[in-house]
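Coordinates as given in data.cif (mmCIF, C-alpha atoms):
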data_coords
loop_
_atom_site.label_atom_id
_atom_site.label_comp_id
_atom_site.auth_asym_id
_atom_site.auth_seq_id
_atom_site.Cartn_x
_atom_site.Cartn_y
_atom_site.Cartn_z
CA MET A 1 -5.38 22.51 -24.33
CA THR A 2 -2.53 20.61 -22.67
CA PHE A 3 -2.31 18.84 -19.33
CA LEU A 4 0.09 21.47 -17.94
CA ARG A 5 0.10 25.17 -18.67
CA LYS A 6 2.31 26.38 -21.52
CA GLU A 7 4.81 27.97 -19.14
CA GLU A 8 5.05 24.69 -17.20
CA ASN A 9 5.62 22.74 -20.41
CA ALA A 10 8.81 24.75 -20.97
CA ARG A 11 10.56 22.58 -18.35
CA PHE A 12 10.33 19.66 -20.79
CA LEU A 13 11.75 21.34 -23.91
CA GLY A 14 14.95 19.27 -23.98
CA THR A 15 17.13 20.64 -26.81
CA GLY A 16 14.15 22.56 -28.22
CA GLU A 17 14.33 20.86 -31.61
CA LYS A 18 11.33 19.53 -33.55
CA ASN A 19 10.54 15.80 -33.63
CA ALA A 20 10.48 13.53 -36.73
CA ASP A 21 6.97 14.79 -37.57
CA GLY A 22 8.15 18.40 -37.54
CA LEU A 23 6.32 19.25 -34.32
CA THR A 24 7.50 21.49 -31.51
CA LEU A 25 6.92 20.29 -27.97
CA GLN A 26 3.84 22.50 -27.61
CA ALA A 27 2.33 21.29 -30.90
CA PHE A 28 3.08 17.68 -29.97
CA LEU A 29 1.34 18.08 -26.59
CA GLU A 30 -1.70 19.78 -28.09
CA ALA A 31 -2.15 16.85 -30.50
CA TYR A 32 -1.36 14.16 -27.93
CA ASP A 33 -4.18 11.72 -27.07
CA PRO A 34 -3.74 10.47 -23.46
CA LYS A 35 -6.39 7.80 -24.09
CA LYS A 36 -4.46 6.22 -26.97
CA TYR A 37 -3.14 3.51 -24.66
CA ASP A 38 -4.94 1.62 -21.90
CA SER A 39 -3.61 2.79 -18.55
CA PRO A 40 -3.83 1.23 -15.07
CA CYS A 41 -5.76 2.93 -12.30
CA SER A 42 -3.79 4.19 -9.32
CA THR A 43 -4.73 3.72 -5.65
CA VAL A 44 -3.13 4.23 -2.25
CA ASP A 45 -3.24 2.09 0.90
CA ASN A 46 -2.30 3.07 4.45
CA LEU A 47 -0.54 0.84 6.97
CA ILE A 48 -0.98 2.50 10.36
CA PHE A 49 0.80 0.43 13.01
CA GLU A 50 0.82 0.94 16.78
CA ALA A 51 3.68 0.08 19.12
CA PRO A 52 4.54 0.96 22.74
CA GLY A 53 5.68 4.57 22.96
CA GLU A 54 8.89 3.74 24.82
CA GLN A 55 9.88 1.29 22.08
CA ILE A 56 9.33 3.93 19.39
CA ALA A 57 11.36 6.48 21.37
CA ALA A 58 14.22 3.98 21.66
CA GLY A 59 14.09 3.21 17.93
CA LYS A 60 13.28 -0.46 18.56
CA PRO A 61 9.52 -0.74 17.98
CA VAL A 62 7.70 -4.05 17.72
CA PRO A 63 4.25 -3.23 16.28
CA ASP A 64 1.42 -4.86 18.22
CA ARG A 65 -1.66 -3.52 16.38
CA ILE A 66 -2.74 -2.29 12.94
CA LEU A 67 -5.70 -0.15 11.89
CA LEU A 68 -8.19 -1.73 9.45
CA ILE A 69 -11.54 -0.72 7.96
CA LYS A 70 -14.51 -2.94 7.13
CA ARG A 71 -15.51 -2.63 3.46
CA LYS A 72 -19.14 -1.72 2.77
CA ASN A 73 -18.93 -2.11 -1.00
CA HIS A 74 -17.63 -4.62 -3.57
CA PRO A 75 -15.06 -6.11 -3.96
CA SER A 76 -14.43 -8.00 -0.70
CA ILE A 77 -17.61 -6.52 0.77
CA GLY A 78 -17.86 -7.14 4.52
CA TRP A 79 -14.17 -8.08 4.81
CA TRP A 80 -11.48 -6.03 6.51
CA ALA A 81 -8.91 -4.01 4.59
CA LEU A 82 -6.26 -1.32 4.77
CA PRO A 83 -7.69 2.21 4.59
CA GLY A 84 -7.21 3.55 1.07
CA GLY A 85 -8.75 4.34 -2.29
CA PHE A 86 -8.33 5.86 -5.73
CA VAL A 87 -5.94 8.71 -6.51
CA GLU A 88 -7.69 11.69 -8.06
CA PHE A 89 -6.47 12.86 -11.48
CA ARG A 90 -4.77 16.03 -10.26
CA GLU A 91 -3.55 14.79 -6.89
CA ASP A 92 -0.11 13.86 -5.59
CA LEU A 93 0.25 10.40 -4.05
CA ASP A 94 1.12 11.79 -0.60
CA THR A 95 -2.00 13.97 -0.68
CA ALA A 96 -4.17 11.05 -1.80
CA ALA A 97 -2.89 8.80 0.99
CA ALA A 98 -3.58 11.43 3.65
CA ARG A 99 -7.02 12.22 2.19
CA GLU A 100 -8.13 8.59 2.02
CA LEU A 101 -6.91 7.94 5.56
CA ALA A 102 -8.89 10.94 6.84
CA GLU A 103 -12.02 10.02 4.88
CA GLU A 104 -12.09 6.39 6.02
CA THR A 105 -10.76 6.61 9.59
CA GLY A 106 -10.90 10.29 10.63
CA LEU A 107 -7.14 10.35 11.27
CA THR A 108 -5.17 13.41 10.20
CA GLY A 109 -1.62 14.67 10.65
CA ILE A 110 -0.09 11.17 10.64
CA ALA A 111 3.59 11.10 9.58
CA GLU A 112 3.66 8.53 6.79
CA GLU A 113 6.33 7.35 4.37
CA GLN A 114 5.87 5.74 0.99
CA MET A 115 6.75 2.06 1.39
CA LYS A 116 6.26 0.19 -1.89
CA THR A 117 4.16 -0.09 -5.04
CA TYR A 118 2.21 -3.29 -5.76
CA GLY A 119 1.23 -4.08 -9.34
CA GLU A 120 0.32 -7.75 -9.74
CA VAL A 121 -2.09 -7.93 -12.68
CA GLY A 122 -4.80 -9.93 -10.89
CA ARG A 123 -4.76 -8.12 -7.57
CA ASP A 124 -8.17 -6.45 -8.12
CA PRO A 125 -11.23 -7.69 -10.08
CA ARG A 126 -12.50 -4.23 -11.11
CA THR A 127 -9.69 -3.32 -13.51
CA ARG A 128 -5.91 -3.10 -13.70
CA ILE A 129 -5.04 -1.38 -10.43
CA ILE A 130 -1.59 -0.45 -9.13
CA THR A 131 -1.44 0.62 -5.49
CA THR A 132 1.17 2.53 -3.53
CA ALA A 133 1.41 1.59 0.14
CA TYR A 134 2.19 4.16 2.83
CA ILE A 135 3.43 3.21 6.29
CA ALA A 136 3.27 4.93 9.68
CA LEU A 137 3.93 4.06 13.30
CA VAL A 138 2.13 5.70 16.24
CA PRO A 139 2.30 5.10 20.00
CA ASP A 140 -0.29 2.72 21.46
CA GLY A 141 -3.57 4.52 22.17
CA SER A 142 -2.40 7.88 20.82
CA VAL A 143 -5.02 8.23 18.05
CA LYS A 144 -8.74 7.54 17.85
CA GLU A 145 -10.33 6.22 14.65
CA LYS A 146 -13.82 6.89 13.28
CA ALA A 147 -15.22 5.00 10.27
CA GLY A 148 -16.40 7.01 7.29
CA ASP A 149 -16.73 7.14 3.48
CA ASP A 150 -16.41 3.59 2.05
CA ALA A 151 -15.86 2.06 5.51
CA LYS A 152 -18.64 0.30 7.42
CA ASP A 153 -16.42 0.10 10.52
CA ALA A 154 -12.86 0.79 11.61
CA GLY A 155 -10.80 -0.74 14.38
CA TRP A 156 -7.46 -1.89 15.70
CA PHE A 157 -6.32 -5.47 15.28
CA LEU A 158 -3.75 -7.30 17.39
CA ILE A 159 -0.95 -8.77 15.27
CA SER A 160 0.36 -12.32 15.47
CA ARG A 161 2.44 -14.27 12.99
CA LYS A 162 4.17 -17.62 12.88
CA LYS A 163 6.37 -19.43 10.38
CA LEU A 164 4.70 -22.48 8.83
CA SER A 165 7.47 -23.83 6.61
CA GLU A 166 10.79 -23.07 4.89
CA ARG A 167 12.54 -24.54 1.85
CA GLU A 168 15.14 -23.77 -0.83
CA GLN A 169 14.62 -24.53 -4.50
CA ASN A 170 16.20 -23.40 -7.80
CA GLY A 171 18.19 -20.51 -6.34
CA LYS A 172 15.35 -19.26 -4.16
CA LYS A 173 14.45 -19.50 -0.48
CA TYR A 174 10.76 -19.80 0.39
CA GLN A 175 9.07 -19.19 3.72
CA ASN A 176 5.37 -19.57 4.43
CA TRP A 177 3.92 -17.51 7.26
CA GLU A 178 0.51 -17.28 8.88
CA LEU A 179 -0.61 -13.76 9.74
CA THR A 180 -3.41 -13.60 12.32
CA LEU A 181 -5.18 -10.31 13.08
CA SER A 182 -7.60 -10.23 16.05
CA LYS A 183 -9.93 -7.27 16.52
CA THR A 184 -9.47 -5.49 19.82
CA GLY A 185 -12.44 -6.39 22.00
CA GLY A 186 -12.99 -9.69 20.20
CA GLY A 187 -15.43 -10.89 17.58
CA VAL A 188 -13.25 -10.92 14.46
CA VAL A 189 -10.12 -12.93 13.66
CA THR A 190 -8.56 -12.92 10.18
CA HIS A 191 -6.13 -15.56 8.93
CA THR A 192 -3.85 -15.10 5.94
CA GLU A 193 -1.11 -17.40 4.66
CA VAL A 194 1.69 -15.54 2.89
CA GLU A 195 4.59 -16.98 0.92
CA ILE A 196 7.83 -14.97 1.08
CA SER A 197 10.44 -15.75 -1.56
CA GLU A 198 13.89 -14.31 -2.19
CA ARG A 199 16.85 -15.03 -4.44
CA THR A 200 19.84 -16.77 -2.86
CA ASP A 201 22.12 -16.54 -5.91
CA SER A 202 22.13 -12.79 -6.46
CA PHE A 203 23.21 -9.57 -4.73
CA PHE A 204 19.66 -8.23 -5.08
CA LYS A 205 17.34 -10.65 -3.34
CA LYS A 206 14.11 -9.77 -5.18
CA ARG A 207 12.09 -10.40 -2.06
CA GLN A 208 8.42 -11.02 -2.86
CA TYR A 209 5.31 -11.48 -0.70
CA ARG A 210 2.36 -13.44 -2.09
CA VAL A 211 -0.98 -14.32 -0.49
CA VAL A 212 -1.60 -18.07 -0.65
CA LYS A 213 -5.02 -17.95 1.02
CA THR A 214 -6.92 -15.47 3.13
CA ASP A 215 -10.07 -15.25 5.23
CA LEU A 216 -11.84 -11.98 6.18
CA LEU A 217 -8.87 -9.87 5.00
CA ALA A 218 -9.23 -8.30 1.55
CA ALA A 219 -7.14 -8.81 -1.58
CA ASP A 220 -3.35 -8.91 -1.08
CA HIS A 221 -3.44 -6.85 2.12
CA GLY A 222 -2.06 -9.69 4.25
CA ALA A 223 1.11 -9.71 2.14
CA VAL A 224 1.38 -5.92 2.32
CA ILE A 225 0.98 -5.96 6.11
CA LEU A 226 3.58 -8.69 6.56
CA GLU A 227 6.03 -6.78 4.39
CA GLY A 228 5.32 -3.64 6.41
CA LEU A 229 6.23 -5.48 9.61
CA ASP A 230 9.50 -6.58 8.02
CA VAL A 231 10.24 -3.03 6.85
CA ILE A 232 9.86 -1.75 10.43
CA ALA A 233 11.99 -4.60 11.78
CA ALA A 234 14.76 -3.84 9.29
CA LYS A 235 14.61 -0.11 10.12
CA ALA A 236 14.87 -0.98 13.83
CA GLY A 237 17.88 -3.24 13.17
CA ARG A 238 16.11 -6.45 14.10
#
Conversion result in structure tokens:
Amino acid sequence: MTFLRKEENARFLGTGEKNADGLTLQAFLEAYDPKKYDSPCSTVDNLIFEAPGEQIAAGKPVPDRILLIKRKNHPSIGWWALPGGFVEFREDLDTAAARELAEETGLTGIAEEQMKTYGEVGRDPRTRIITTAYIALVPDGSVKEKAGDDAKDAGWFLISRKKLSEREQNGKKYQNWELTLSKTGGGVVTHTEVEISERTDSFFKKRQYRVVKTDLLAADHGAVILEGLDVIAAKAGR
């Protein structure tokens, strides 16, 4: 039995010749062991930003809030995080992102785009996990969240950020930023320091976001959120 049906495998025939072991494509696939090599797990995360409706309509949005969930399980139990979770084995990434968002916040029909994949080796203590971040922007107050699945709570957080320092060293420019997220209605304030680095001696800047320290915000989510804000700013021409 192969991962795809025999008729679907035909799309991958190439020239149709046998390999060095004398196997056709079908015979090769039937003998193939997908567990021969260790493979990373795949997850998705959702960045759902709010901005004033008139700003969105004008194409110049400045996001003022982001939707987070409170984790009710390890790791980062009790801390706030982006809605997301594991991709099922026979599931497209877009489908997984929409499913996880619905399961953890109750939101459906949100127009999201794939933003970036994050694969730092030590970003999760459970195992080697690579996550794909999705980004969306909705008008202030246009959707209502409801916590579910692996979320103890869900809510909107006001966004504030400020530059802490800037320097250049060995062909790179470094900026350190503090990202502060304050839960609407009060009671919770998260603080994350993020280092942004980029090449100054190359056409491709290799811009990277790295969490230096964080409080009440899980994993590398502060870096992902800050990059999401920059993605929106660039798209809006700011």
Got a sec to check which residues sit within 9 Å of (-2.2, -3.9, 8.2), counting only C-alpha atoms, and write them as a list in words? Asn46, Leu47, Ile48, Phe49, Arg65, Ile66, Leu67, Leu68, Ala81, Leu82, Pro83, Phe157, Ile159, Leu181, His221, Gly222, Val224, Ile225, Leu226, Gly228 and Leu229 of chain A
Take the residues from that selection and write them out as a CSV table (one decimal), keeping the file's coordinate frame, keeping C-alpha atoms.
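As a result, out.csv now contains:
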chain,number,residue,atom,x,y,z
A,46,ASN,CA,-2.3,3.1,4.4
A,47,LEU,CA,-0.5,0.8,7.0
A,48,ILE,CA,-1.0,2.5,10.4
A,49,PHE,CA,0.8,0.4,13.0
A,65,ARG,CA,-1.7,-3.5,16.4
A,66,ILE,CA,-2.7,-2.3,12.9
A,67,LEU,CA,-5.7,-0.2,11.9
A,68,LEU,CA,-8.2,-1.7,9.4
A,81,ALA,CA,-8.9,-4.0,4.6
A,82,LEU,CA,-6.3,-1.3,4.8
A,83,PRO,CA,-7.7,2.2,4.6
A,157,PHE,CA,-6.3,-5.5,15.3
A,159,ILE,CA,-1.0,-8.8,15.3
A,181,LEU,CA,-5.2,-10.3,13.1
A,221,HIS,CA,-3.4,-6.8,2.1
A,222,GLY,CA,-2.1,-9.7,4.2
A,224,VAL,CA,1.4,-5.9,2.3
A,225,ILE,CA,1.0,-6.0,6.1
A,226,LEU,CA,3.6,-8.7,6.6
A,228,GLY,CA,5.3,-3.6,6.4
A,229,LEU,CA,6.2,-5.5,9.6
Tell me which protein, DNA and RNA residues are within 6 Å of range 109-122 of chain A, counting only C-alpha atoms, leaving out same-chain ones fewer than 2 positions away, and put them as a short mmCIF file (atom, residue, chain, number, x, y, z; two decimals) with C-alpha atoms, keeping the file's coordinate frame.
data_model
loop_
_atom_site.label_atom_id
_atom_site.label_comp_id
_atom_site.auth_asym_id
_atom_site.auth_seq_id
_atom_site.Cartn_x
_atom_site.Cartn_y
_atom_site.Cartn_z
CA ASP A 124 -8.17 -6.45 -8.12
CA ILE A 130 -1.59 -0.45 -9.13
CA THR A 131 -1.44 0.62 -5.49
CA THR A 132 1.17 2.53 -3.53
CA ALA A 133 1.41 1.59 0.14
CA TYR A 134 2.19 4.16 2.83
CA ILE A 135 3.43 3.21 6.29
CA ALA A 136 3.27 4.93 9.68
#
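Atom pair CA of Arg128 in chain A / CA of Lys36 in chain A: separated by 16.3 Å.
We find CA of Arg207 in chain A and CA of Ala219 in chain A to be spaced 19.3 Å apart.
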Could you tell me how far CA of Trp177 in chain A sits from CA of Asp220 in chain A, in Å to one decimal place? 14.0 Å
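The shell of residues at most 12 Å from Gln169 in chain A, with only C-alpha atoms counted and near chain neighbours (fewer than 2 positions) removed, consists of Glu166, Arg167, Gly171, Lys172, Lys173, Tyr174, Gln175, Ser197, Glu198, Arg199, Thr200 and Asp201 of chain A.
For Glu54 in chain A, the residues within 12 Å (counting all atoms listed in the file, excluding itself and residues fewer than 3 positions away along the chain) are Glu50, Ala51, Ala57, Ala58, Gly59, Lys60, Pro61, Val62, Pro63, Val138, Pro139 and Asp140 of chain A.
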Residue with the minimum atom-to-atom distance to Ser182 in chain A, picked from A:Glu8, A:Asp33, A:Asp153, A:Asp64 with all atoms listed in the file counted, is A:Asp64
Could you list, as number ranges by chain, every residue within 10 Å of Ala96 in chain A, counting only C-alpha atoms and ignoring same-chain residues fewer than 5 positions away? A: 43-45, 84-88, 90-91, 101-102
